[in-house]
>>> print(open('data.txt').read())   # compact mmCIF, C-alpha atoms
# COMPACT_ATOMS: atom_id res chain seq x y z
CA MET A 97 77.21 138.73 38.16
CA ASN A 98 77.97 137.21 34.73
CA GLY A 99 78.22 139.12 31.46
CA THR A 100 74.59 138.65 30.42
CA GLU A 101 73.31 139.78 33.81
CA ARG A 102 75.56 142.85 33.69
CA TYR A 103 74.38 143.76 30.18
CA LEU A 104 70.77 143.33 31.29
CA GLU A 105 71.22 145.65 34.25
CA GLU A 106 72.86 148.19 31.95
CA GLN A 107 69.96 147.95 29.50
CA TYR A 108 67.45 148.65 32.24
CA ALA A 109 69.65 151.56 33.37
CA SER A 110 69.50 152.98 29.85
CA LEU A 111 65.70 153.04 30.20
CA GLY A 112 65.90 154.96 33.47
CA ILE A 113 65.75 152.16 36.05
CA SER A 114 68.19 152.73 38.90
CA LYS A 115 70.43 149.95 40.16
CA GLU A 116 68.58 149.97 43.49
CA VAL A 117 65.15 149.46 41.90
CA TYR A 118 66.42 146.89 39.39
CA ARG A 119 68.10 144.70 42.02
CA PHE A 120 65.05 144.87 44.28
CA GLY A 121 62.98 143.61 41.35
CA GLU A 122 65.46 140.82 40.61
CA LYS A 123 65.23 139.64 44.21
CA ILE A 124 61.41 139.51 44.05
CA GLU A 125 61.46 137.73 40.70
CA HIS A 126 63.85 135.07 42.00
CA GLU A 127 61.49 134.37 44.90
CA LEU A 128 58.62 133.85 42.43
CA LYS A 129 60.44 131.33 40.23
CA GLU A 130 58.44 128.31 41.41
CA ARG A 131 55.11 130.11 41.12
CA PHE A 132 55.94 131.32 37.63
CA GLU A 133 56.61 127.73 36.59
CA GLU A 134 53.10 126.75 37.74
CA MET A 135 51.72 129.54 35.55
CA ASN A 136 53.70 128.22 32.58
CA LYS A 137 52.09 124.79 33.02
CA ARG A 138 48.60 126.31 33.14
CA ALA A 139 49.34 128.31 29.99
CA GLU A 140 50.52 125.13 28.29
CA TYR A 141 47.26 123.40 29.21
CA ASN A 142 45.19 126.26 27.82
CA GLN A 143 47.34 126.45 24.70
CA MET A 144 46.56 122.80 23.96
CA LYS A 145 42.86 123.54 24.55
CA VAL A 146 42.86 126.31 21.94
CA ILE A 147 44.76 124.20 19.39
CA LYS A 148 42.35 121.31 19.93
CA ALA A 149 39.35 123.60 19.32
CA MET A 150 40.91 124.92 16.11
CA GLN A 151 41.74 121.45 14.84
CA GLU A 152 38.30 120.01 15.69
CA ASN A 153 36.61 122.78 13.72
CA ARG A 154 38.93 122.43 10.71
CA VAL A 155 40.40 125.92 10.66
CA SER A 156 41.98 126.44 7.24
CA ALA A 157 43.77 129.15 5.29
CA GLU A 158 40.43 129.91 3.59
CA CYS A 159 39.09 131.05 6.98
CA PHE A 160 41.37 134.10 6.84
CA GLN A 161 39.77 135.58 3.73
CA THR A 162 37.87 138.79 4.31
CA SER A 163 34.26 139.60 3.57
CA SER A 164 32.38 142.86 3.09
CA GLY A 165 28.84 144.11 2.71
CA TYR A 166 26.32 141.67 4.14
CA GLY A 167 28.98 139.08 4.89
CA TYR A 168 26.87 136.14 3.68
CA ASN A 169 28.56 132.73 3.88
CA ASP A 170 31.62 134.06 5.69
CA LEU A 171 33.50 130.81 6.37
CA GLY A 172 36.07 132.42 8.67
CA ARG A 173 33.50 134.15 10.84
CA ASP A 174 31.28 131.09 11.17
CA THR A 175 34.21 128.76 11.88
CA LEU A 176 35.66 131.11 14.48
CA GLU A 177 32.37 131.08 16.35
CA LYS A 178 32.49 127.28 16.39
CA VAL A 179 36.05 127.47 17.73
CA TYR A 180 34.97 129.77 20.56
CA ALA A 181 32.04 127.49 21.38
CA SER A 182 34.37 124.47 21.53
CA CYS A 183 37.09 126.24 23.48
CA PHE A 184 34.79 127.71 26.13
CA LYS A 185 32.42 124.68 26.21
CA GLY A 186 29.26 126.38 24.93
CA GLU A 187 26.55 125.34 22.50
CA ASP A 188 27.07 128.41 20.29
CA ALA A 189 28.97 131.67 20.10
CA LEU A 190 28.77 135.18 18.68
CA VAL A 191 32.22 136.67 17.95
CA ARG A 192 32.04 139.89 15.95
CA PRO A 193 33.98 143.07 15.14
CA GLN A 194 30.59 144.83 15.21
CA ILE A 195 30.63 144.36 19.01
CA THR A 196 32.68 147.43 19.86
CA CYS A 197 33.83 146.71 23.43
CA GLY A 198 33.17 144.70 26.57
CA THR A 199 30.41 147.03 27.78
CA HIS A 200 28.70 146.70 24.40
CA ALA A 201 28.92 142.89 24.61
CA LEU A 202 27.39 142.90 28.08
CA ALA A 203 24.65 145.36 27.07
CA LEU A 204 23.90 143.17 24.04
CA ALA A 205 23.56 140.07 26.22
CA LEU A 206 21.28 141.83 28.70
CA MET A 207 19.08 143.68 26.23
CA SER A 208 18.55 140.62 24.07
CA ASN A 209 17.64 138.24 26.88
CA LEU A 210 15.50 140.50 29.08
CA ARG A 211 11.99 141.74 28.33
CA PRO A 212 9.79 144.47 29.86
CA GLY A 213 8.62 143.34 33.28
CA ASP A 214 11.70 141.17 33.88
CA GLU A 215 14.15 141.85 36.69
CA LEU A 216 17.94 141.71 36.55
CA LEU A 217 19.80 140.60 39.68
CA SER A 218 23.43 141.13 40.59
CA PRO A 219 24.32 138.84 43.52
CA VAL A 220 27.87 140.26 43.76
CA GLY A 221 27.15 143.91 44.53
CA LYS A 222 27.28 146.90 42.24
CA PRO A 223 28.47 146.08 38.71
CA TYR A 224 31.30 147.77 36.85
CA ASP A 225 30.85 151.53 36.42
CA THR A 226 30.04 151.50 32.69
CA LEU A 227 27.12 149.12 33.27
CA GLU A 228 25.37 151.57 35.59
CA GLU A 229 24.01 153.52 32.63
CA VAL A 230 23.20 150.33 30.71
CA ILE A 231 21.06 149.15 33.61
CA GLY A 232 19.71 152.57 34.53
CA ILE A 233 21.28 152.87 37.99
CA ARG A 234 22.47 156.17 36.58
CA PRO A 235 19.76 157.45 34.20
CA SER A 236 20.71 157.19 30.53
CA LYS A 237 18.92 157.07 27.20
CA GLY A 238 18.17 153.52 26.09
CA SER A 239 18.83 151.94 29.48
CA LEU A 240 17.12 148.75 30.64
CA ALA A 241 15.11 150.87 33.08
CA GLU A 242 13.58 152.81 30.17
CA TYR A 243 12.28 149.52 28.80
CA GLY A 244 10.60 148.57 32.07
CA ILE A 245 13.30 146.14 33.24
CA SER A 246 13.95 146.47 36.95
CA TYR A 247 17.18 145.87 38.81
CA ARG A 248 18.07 144.45 42.20
CA GLN A 249 21.38 143.62 43.84
CA ALA A 250 22.67 141.70 46.83
CA ASP A 251 25.88 143.14 48.20
CA LEU A 252 28.83 140.99 49.16
CA LEU A 253 29.62 140.53 52.83
CA ALA A 254 32.45 142.51 54.40
CA ASP A 255 34.93 139.69 53.74
CA GLY A 256 34.00 139.56 50.04
CA SER A 257 31.95 136.35 50.31
CA PHE A 258 28.40 135.87 49.03
CA ASP A 259 25.47 136.94 51.21
CA TYR A 260 23.35 133.89 50.51
CA ASP A 261 20.47 135.06 52.71
CA ALA A 262 20.26 138.37 50.83
CA ILE A 263 20.47 136.58 47.48
CA ARG A 264 17.65 134.22 48.43
CA ALA A 265 15.52 137.18 49.52
CA ALA A 266 16.24 139.07 46.29
CA ILE A 267 15.13 136.29 43.93
CA ASN A 268 11.45 136.59 43.05
CA GLU A 269 8.96 135.76 40.31
CA LYS A 270 10.30 138.59 38.11
CA THR A 271 13.96 137.52 38.32
CA ARG A 272 14.87 136.51 34.79
CA LEU A 273 18.63 136.97 34.54
CA VAL A 274 21.47 136.99 37.05
CA THR A 275 24.67 138.82 36.11
CA ILE A 276 27.87 137.75 37.86
CA GLN A 277 30.93 139.93 37.43
CA ARG A 278 33.98 137.72 37.73
CA SER A 279 36.56 140.48 38.04
CA LYS A 280 36.69 143.19 40.69
CA GLY A 281 36.29 146.20 38.37
CA TYR A 282 36.91 149.37 40.38
CA ALA A 283 35.81 147.71 43.61
CA VAL A 284 38.29 146.58 46.23
CA ARG A 285 36.92 143.06 46.54
CA PRO A 286 38.20 139.60 45.62
CA THR A 287 37.91 138.36 42.07
CA LEU A 288 35.67 135.31 41.86
CA SER A 289 37.18 131.94 41.04
CA VAL A 290 35.43 129.70 38.54
CA LYS A 291 34.75 127.27 41.41
CA LYS A 292 33.06 129.96 43.52
CA ILE A 293 31.02 131.12 40.53
CA GLY A 294 29.84 127.54 40.09
CA GLU A 295 28.81 127.32 43.74
CA LEU A 296 26.86 130.57 43.46
CA ILE A 297 25.09 129.44 40.29
CA SER A 298 24.16 126.11 41.88
CA PHE A 299 22.62 127.97 44.84
CA ILE A 300 20.63 130.27 42.54
CA LYS A 301 19.44 127.46 40.27
CA ASP A 302 18.22 125.47 43.29
CA ILE A 303 15.95 128.42 44.11
CA LYS A 304 14.87 129.24 40.56
CA PRO A 305 16.01 126.69 37.93
CA ASP A 306 14.87 128.69 34.89
CA VAL A 307 16.87 131.85 35.68
CA VAL A 308 19.59 132.73 33.16
CA CYS A 309 23.03 132.94 34.78
CA MET A 310 25.38 135.21 32.85
CA VAL A 311 29.03 135.77 33.74
CA ASP A 312 30.97 138.88 32.82
CA ASN A 313 34.17 137.00 31.99
CA CYS A 314 36.32 140.06 31.22
CA TYR A 315 39.95 139.73 32.38
CA GLY A 316 39.41 136.08 33.40
CA GLU A 317 39.81 134.06 30.21
CA PHE A 318 42.65 131.48 30.31
CA VAL A 319 43.65 132.42 33.86
CA GLU A 320 42.38 129.06 35.16
CA GLU A 321 42.02 125.67 33.47
CA LYS A 322 38.20 125.91 33.45
CA GLU A 323 35.81 128.64 32.32
CA PRO A 324 32.43 129.48 33.92
CA LEU A 325 30.31 127.56 31.37
CA GLU A 326 31.92 124.40 32.75
CA THR A 327 30.54 125.10 36.22
CA GLY A 328 26.94 125.92 35.33
CA ALA A 329 26.84 129.36 33.67
CA ASP A 330 24.38 129.75 30.79
CA LEU A 331 26.24 132.59 29.09
CA ILE A 332 29.69 134.19 29.28
CA VAL A 333 30.59 137.54 27.80
CA GLY A 334 33.85 139.34 27.13
CA SER A 335 35.97 141.68 25.02
CA LEU A 336 38.47 140.76 22.33
CA ILE A 337 40.78 143.63 23.30
CA LYS A 338 41.25 141.90 26.63
CA ASN A 339 42.47 138.33 27.20
CA PRO A 340 41.06 136.29 24.29
CA GLY A 341 42.25 138.69 21.58
CA GLY A 342 45.85 138.04 22.56
CA GLY A 343 46.78 141.66 21.83
CA LEU A 344 46.18 141.22 18.09
CA ALA A 345 42.41 141.72 17.82
CA PRO A 346 41.85 145.41 16.98
CA ILE A 347 38.21 145.42 18.13
CA GLY A 348 35.43 143.01 18.98
CA GLY A 349 33.53 141.14 21.64
CA TYR A 350 32.17 137.67 22.22
CA LEU A 351 29.27 135.81 23.77
CA VAL A 352 29.37 132.04 24.31
CA GLY A 353 26.68 129.87 25.85
CA LYS A 354 23.36 128.19 25.24
CA LYS A 355 22.11 128.42 21.69
CA GLU A 356 18.87 130.19 22.61
CA TYR A 357 20.64 133.09 24.31
CA ILE A 358 23.21 133.45 21.54
CA GLU A 359 20.43 133.51 18.95
CA ASN A 360 18.63 136.24 20.90
CA ALA A 361 21.84 138.28 20.98
CA ALA A 362 22.43 137.83 17.25
CA TYR A 363 18.96 139.13 16.44
CA ARG A 364 19.57 142.13 18.67
CA LEU A 365 23.02 142.83 17.18
CA THR A 366 21.72 142.80 13.59
CA SER A 367 17.94 142.56 13.27
CA PRO A 368 15.07 140.09 13.61
CA GLY A 369 15.16 137.72 10.67
CA LEU A 370 18.86 138.26 9.97
CA GLY A 371 20.70 137.23 13.13
CA LYS A 372 24.06 135.53 12.60
CA GLU A 373 23.68 135.33 8.83
CA VAL A 374 25.03 138.84 8.28
CA GLY A 375 28.02 140.74 9.58
CA ALA A 376 31.15 141.03 7.47
CA SER A 377 34.55 140.21 8.97
CA LEU A 378 36.06 143.33 7.35
CA GLY A 379 39.66 142.13 7.18
CA VAL A 380 40.16 141.48 10.90
CA ILE A 381 39.35 137.77 11.00
CA GLN A 382 42.94 136.53 10.83
CA SER A 383 43.89 138.70 13.81
CA PHE A 384 40.96 137.19 15.73
CA TYR A 385 42.22 133.66 15.07
CA GLN A 386 45.87 134.43 15.69
CA GLY A 387 45.06 136.46 18.80
CA LEU A 388 43.07 133.57 20.27
CA PHE A 389 45.95 131.22 19.45
CA LEU A 390 48.42 133.45 21.33
CA ALA A 391 46.05 134.30 24.18
CA PRO A 392 47.12 131.62 26.71
CA THR A 393 50.77 132.69 26.46
CA VAL A 394 49.94 136.40 26.55
CA VAL A 395 47.66 135.93 29.56
CA CYS A 396 50.43 134.02 31.33
CA GLY A 397 52.80 136.97 30.88
CA ALA A 398 50.16 139.36 32.20
CA LEU A 399 49.57 137.13 35.23
CA LYS A 400 53.27 137.06 36.03
CA GLY A 401 53.27 140.85 35.89
CA ALA A 402 50.29 141.04 38.25
CA VAL A 403 51.90 138.70 40.79
CA PHE A 404 55.21 140.57 40.48
CA ALA A 405 53.42 143.87 41.14
CA ALA A 406 51.59 142.42 44.16
CA ASN A 407 54.82 141.22 45.72
CA ILE A 408 56.75 144.42 44.94
CA TYR A 409 54.17 146.78 46.45
CA GLU A 410 53.18 144.54 49.33
CA ARG A 411 56.82 144.37 50.35
CA LEU A 412 56.89 148.18 50.33
CA GLY A 413 53.96 148.42 52.73
CA PHE A 414 51.05 149.17 50.37
CA ASP A 415 47.68 147.40 50.43
CA VAL A 416 47.36 145.09 47.43
CA LEU A 417 44.52 142.90 46.19
CA PRO A 418 45.03 140.03 45.61
CA ASP A 419 47.97 139.79 47.98
CA GLY A 420 51.33 138.37 46.95
CA THR A 421 50.45 134.75 47.74
CA GLU A 422 46.74 134.42 46.84
CA SER A 423 45.53 132.32 43.92
CA ARG A 424 44.77 134.31 40.76
CA HIS A 425 41.44 134.42 38.96
CA ASP A 426 41.95 137.42 36.66
CA ILE A 427 44.84 139.53 35.38
CA ILE A 428 44.05 142.66 37.42
CA GLN A 429 46.19 143.80 40.33
CA ALA A 430 44.89 146.52 42.64
CA VAL A 431 47.31 148.67 44.62
CA THR A 432 45.91 151.17 47.13
CA PHE A 433 48.07 154.25 47.69
CA ARG A 434 45.72 156.49 49.74
CA ASN A 435 47.56 159.35 48.08
CA PRO A 436 46.65 160.92 44.71
CA ASP A 437 50.27 161.89 44.00
CA ALA A 438 51.47 158.31 44.43
CA MET A 439 48.65 157.02 42.24
CA THR A 440 49.58 159.53 39.54
CA ALA A 441 53.29 158.66 39.78
CA PHE A 442 52.49 154.96 39.38
CA CYS A 443 50.49 155.63 36.20
CA GLU A 444 53.24 157.88 34.84
CA GLY A 445 55.68 155.01 35.30
CA ILE A 446 53.47 152.59 33.39
CA GLN A 447 53.11 155.13 30.57
CA ALA A 448 56.86 155.78 30.48
CA ALA A 449 57.47 152.05 29.98
CA ALA A 450 55.20 151.84 26.92
CA PRO A 451 56.43 151.22 23.37
CA VAL A 452 53.78 153.69 22.13
CA ASP A 453 53.32 157.24 23.49
CA SER A 454 55.97 156.74 26.19
CA TYR A 455 56.62 160.50 26.18
CA VAL A 456 53.01 161.33 27.11
CA THR A 457 52.06 162.22 30.69
CA PRO A 458 48.71 160.71 31.74
CA GLU A 459 46.24 163.09 33.36
CA PRO A 460 42.82 162.48 34.96
CA TRP A 461 39.85 163.13 32.66
CA ALA A 462 36.08 162.70 32.52
CA MET A 463 36.07 159.32 30.79
CA PRO A 464 32.66 158.35 29.28
CA GLY A 465 30.64 156.01 31.47
CA TYR A 466 32.31 156.88 34.79
CA ASP A 467 31.08 159.04 37.67
CA SER A 468 34.47 160.60 38.51
CA ASP A 469 37.65 161.56 36.72
CA VAL A 470 39.77 158.58 35.73
CA ILE A 471 43.52 158.45 35.20
CA MET A 472 44.68 155.93 32.64
CA ALA A 473 48.13 154.90 31.47
CA ALA A 474 48.01 152.95 28.22
CA GLY A 475 50.63 153.22 25.53
CA ALA A 476 49.02 150.52 23.43
CA PHE A 477 49.06 149.33 19.84
CA VAL A 478 45.25 148.99 20.09
CA GLN A 479 43.46 151.91 21.74
CA GLY A 480 42.04 150.91 25.11
CA SER A 481 43.44 147.38 24.94
CA SER A 482 43.76 146.22 28.53
CA ILE A 483 45.57 143.00 27.69
CA GLU A 484 48.39 145.40 26.81
CA LEU A 485 50.29 147.02 29.67
CA SER A 486 47.97 149.53 31.30
CA ALA A 487 46.89 151.00 34.61
CA ASP A 488 43.89 153.06 35.53
CA GLY A 489 41.62 154.04 38.35
CA PRO A 490 39.14 156.67 39.56
CA MET A 491 40.75 159.73 41.15
CA LYS A 492 38.94 159.45 44.46
CA PRO A 493 39.70 157.89 47.85
CA PRO A 494 41.18 155.42 48.61
CA TYR A 495 43.19 156.15 45.44
CA SER A 496 43.48 152.59 44.22
CA VAL A 497 45.08 151.92 40.88
CA TYR A 498 44.29 148.84 38.79
CA PHE A 499 47.23 147.40 36.88
CA GLN A 500 46.79 144.81 34.15
CA GLY A 501 48.20 143.40 30.97
CA GLY A 502 51.53 143.18 29.26
CA LEU A 503 51.83 141.32 25.95
CA THR A 504 55.05 139.83 27.32
CA TRP A 505 56.23 139.22 30.87
CA TYR A 506 59.31 141.31 30.20
CA HIS A 507 57.25 144.35 29.32
CA ALA A 508 55.07 143.91 32.39
CA LYS A 509 58.23 143.69 34.50
CA LEU A 510 59.61 146.91 33.02
CA GLY A 511 56.31 148.68 33.68
CA ILE A 512 56.29 147.74 37.37
CA LEU A 513 59.93 148.71 37.83
CA MET A 514 59.32 152.03 36.09
CA SER A 515 56.30 152.73 38.32
CA LEU A 516 58.45 152.10 41.36
CA GLN A 517 61.19 154.31 39.92
CA LYS A 518 58.75 157.22 39.61
CA LEU A 519 57.60 156.80 43.22
CA LYS A 520 61.20 156.62 44.42
CA GLU A 521 62.19 159.78 42.55
CA ARG A 522 59.36 161.69 44.26
CA ASN A 523 60.07 160.29 47.72
CA LEU A 524 56.69 158.58 47.78
CA VAL A 525 58.05 155.20 48.85
CA ASN A 526 60.20 154.10 51.78
CA THR A 527 63.56 153.55 50.10
CA ASN A 528 64.88 151.78 53.21
CA LEU A 529 62.74 148.80 52.18
CA LEU A 530 64.41 148.46 48.78
>>> encode(input="data.txt", output="structure tokens")
Amino acid sequence: MNGTERYLEEQYASLGISKEVYRFGEKIEHELKERFEEMNKRAEYNQMKVIKAMQENRVSAECFQTSSGYGYNDLGRDTLEKVYASCFKGEDALVRPQITCGTHALALALMSNLRPGDELLSPVGKPYDTLEEVIGIRPSKGSLAEYGISYRQADLLADGSFDYDAIRAAINEKTRLVTIQRSKGYAVRPTLSVKKIGELISFIKDIKPDVVCMVDNCYGEFVEEKEPLETGADLIVGSLIKNPGGGLAPIGGYLVGKKEYIENAAYRLTSPGLGKEVGASLGVIQSFYQGLFLAPTVVCGALKGAVFAANIYERLGFDVLPDGTESRHDIIQAVTFRNPDAMTAFCEGIQAAAPVDSYVTPEPWAMPGYDSDVIMAAGAFVQGSSIELSADGPMKPPYSVYFQGGLTWYHAKLGILMSLQKLKERNLVNTNLL
């Protein structure tokens, strides 16, 4: 061990990481060296893609000036939307701080492009928990169900693949929009690759060519070289406090896709007759640009953390999804503990590794939009930012925790080691495997 390596081990020890846990992590990291290099190349590709989109749309210093009030003629806002359209290969985009979160962005896309009498179809099973009230699966004021929009779903097969027969049977004359959730959410199922999403869309369009295919792109941006619009999606939707905000965007959401559907969303976000013409940038526009610029590198760090976590916990005998060798299509790593104490200890470790609120102990609570208590570890600079190091999950069997984020690989690494340290201290892990 050379001097730098010794100092590094000592630094981790000063943060509470035992020599046993640290050296186990170093062994896993060394084994992942070649895979991490592949991730670096993909991040480089996506970095060039973002720079090209910014250059093509003539981003200038003037774009960073703020606007207030109505926000008429906001150069920065309008240029940023062109950048997003170029980067994600869409005809148009809506990128606004007035979109408060990913659920809001998805609700906006659905409510603006569905009309009474239409039917919404999910061909990938039940959507993420917070959309249940948007759709009306769980009754809620203002849901799609209250406006006479029906809902149907085709569940995935046991192996996580598409049930094409069920999807074909579910499509009917009322089917107007298909929503495809790329990431797993709180379901223990595979995340969908862009290629698989394209195959699903092609199947659906062969049956009903005029159906709108929308992809919930949350947690998936810049993980692969291509995005869903490049394989047939009509609309993609996401949050700026996840991947594309690069950890700098303090709020916001985006929609990118065909001009008609973006225009519908803009009229719903503001009002008929106003659309994209209003909506001040309110001093956050520079962080939107700079966050997008950094996003490929930040996402790469988060991906390394996810793969590191998968290999650490798989080696220790826990069920992980994806496993340690599978290809990655989002930044989320699921670890199933089948034990509420282990799940809690994991989240305490993630919290203890945070630069913000590291002294806080996470506890389960009735989080809005969920049907059970949720435990969440998130010592973030931006509240709720899941591109920052975080972990959460519903406190119910099988007690799976969902780990994501890390603005740098080094922070993600610390978080995983600290989670393992907490399990070790409580005798919740087989130390003979370390």
>>> closest_atom_pairs(input="data.txt", of="range 179-214 of chain A", to="range 389-400 of chain A", cutoff="12 Å", atoms="only C-alpha atoms", output="tab-separated table")
residue	atom	partner	partner_atom	distance
A:Val179	CA	A:Phe389	CA	10.7
A:Tyr180	CA	A:Phe389	CA	11.1
A:Cys183	CA	A:Phe389	CA	10.9
>>> atom_distance(input="data.txt", atom1="CA of Val290 in chain A", atom2="CA of Thr275 in chain A")
14.3 Å
>>> residues_around(input="data.txt", residues="range 256-264 of chain A", least_positions_apart="4", cutoff="6 Å", atoms="all atoms listed in the file", output="PyMOL selection string")
chain A and resi 219+250+252+285
>>> atom_distance(input="data.txt", atom1="CA of Val191 in chain A", atom2="CA of Ile231 in chain A")
22.9 Å
>>> closest_residue(input="data.txt", among="A:Thr327, A:Thr421, A:Thr196, A:Thr432", to="Pro346 in chain A", atoms="all atoms listed in the file")
A:Thr196
>>> atom_distance(input="data.txt", atom1="CA of Pro305 in chain A", atom2="CA of Lys270 in chain A")
13.2 Å
>>> residues_near_point(input="data.txt", point="(40.9, 134.9, 31.3)", cutoff="9 Å", atoms="all atoms listed in the file", output="number ranges by chain")
A: 313-320, 323, 338-340, 391-392, 395, 425-427
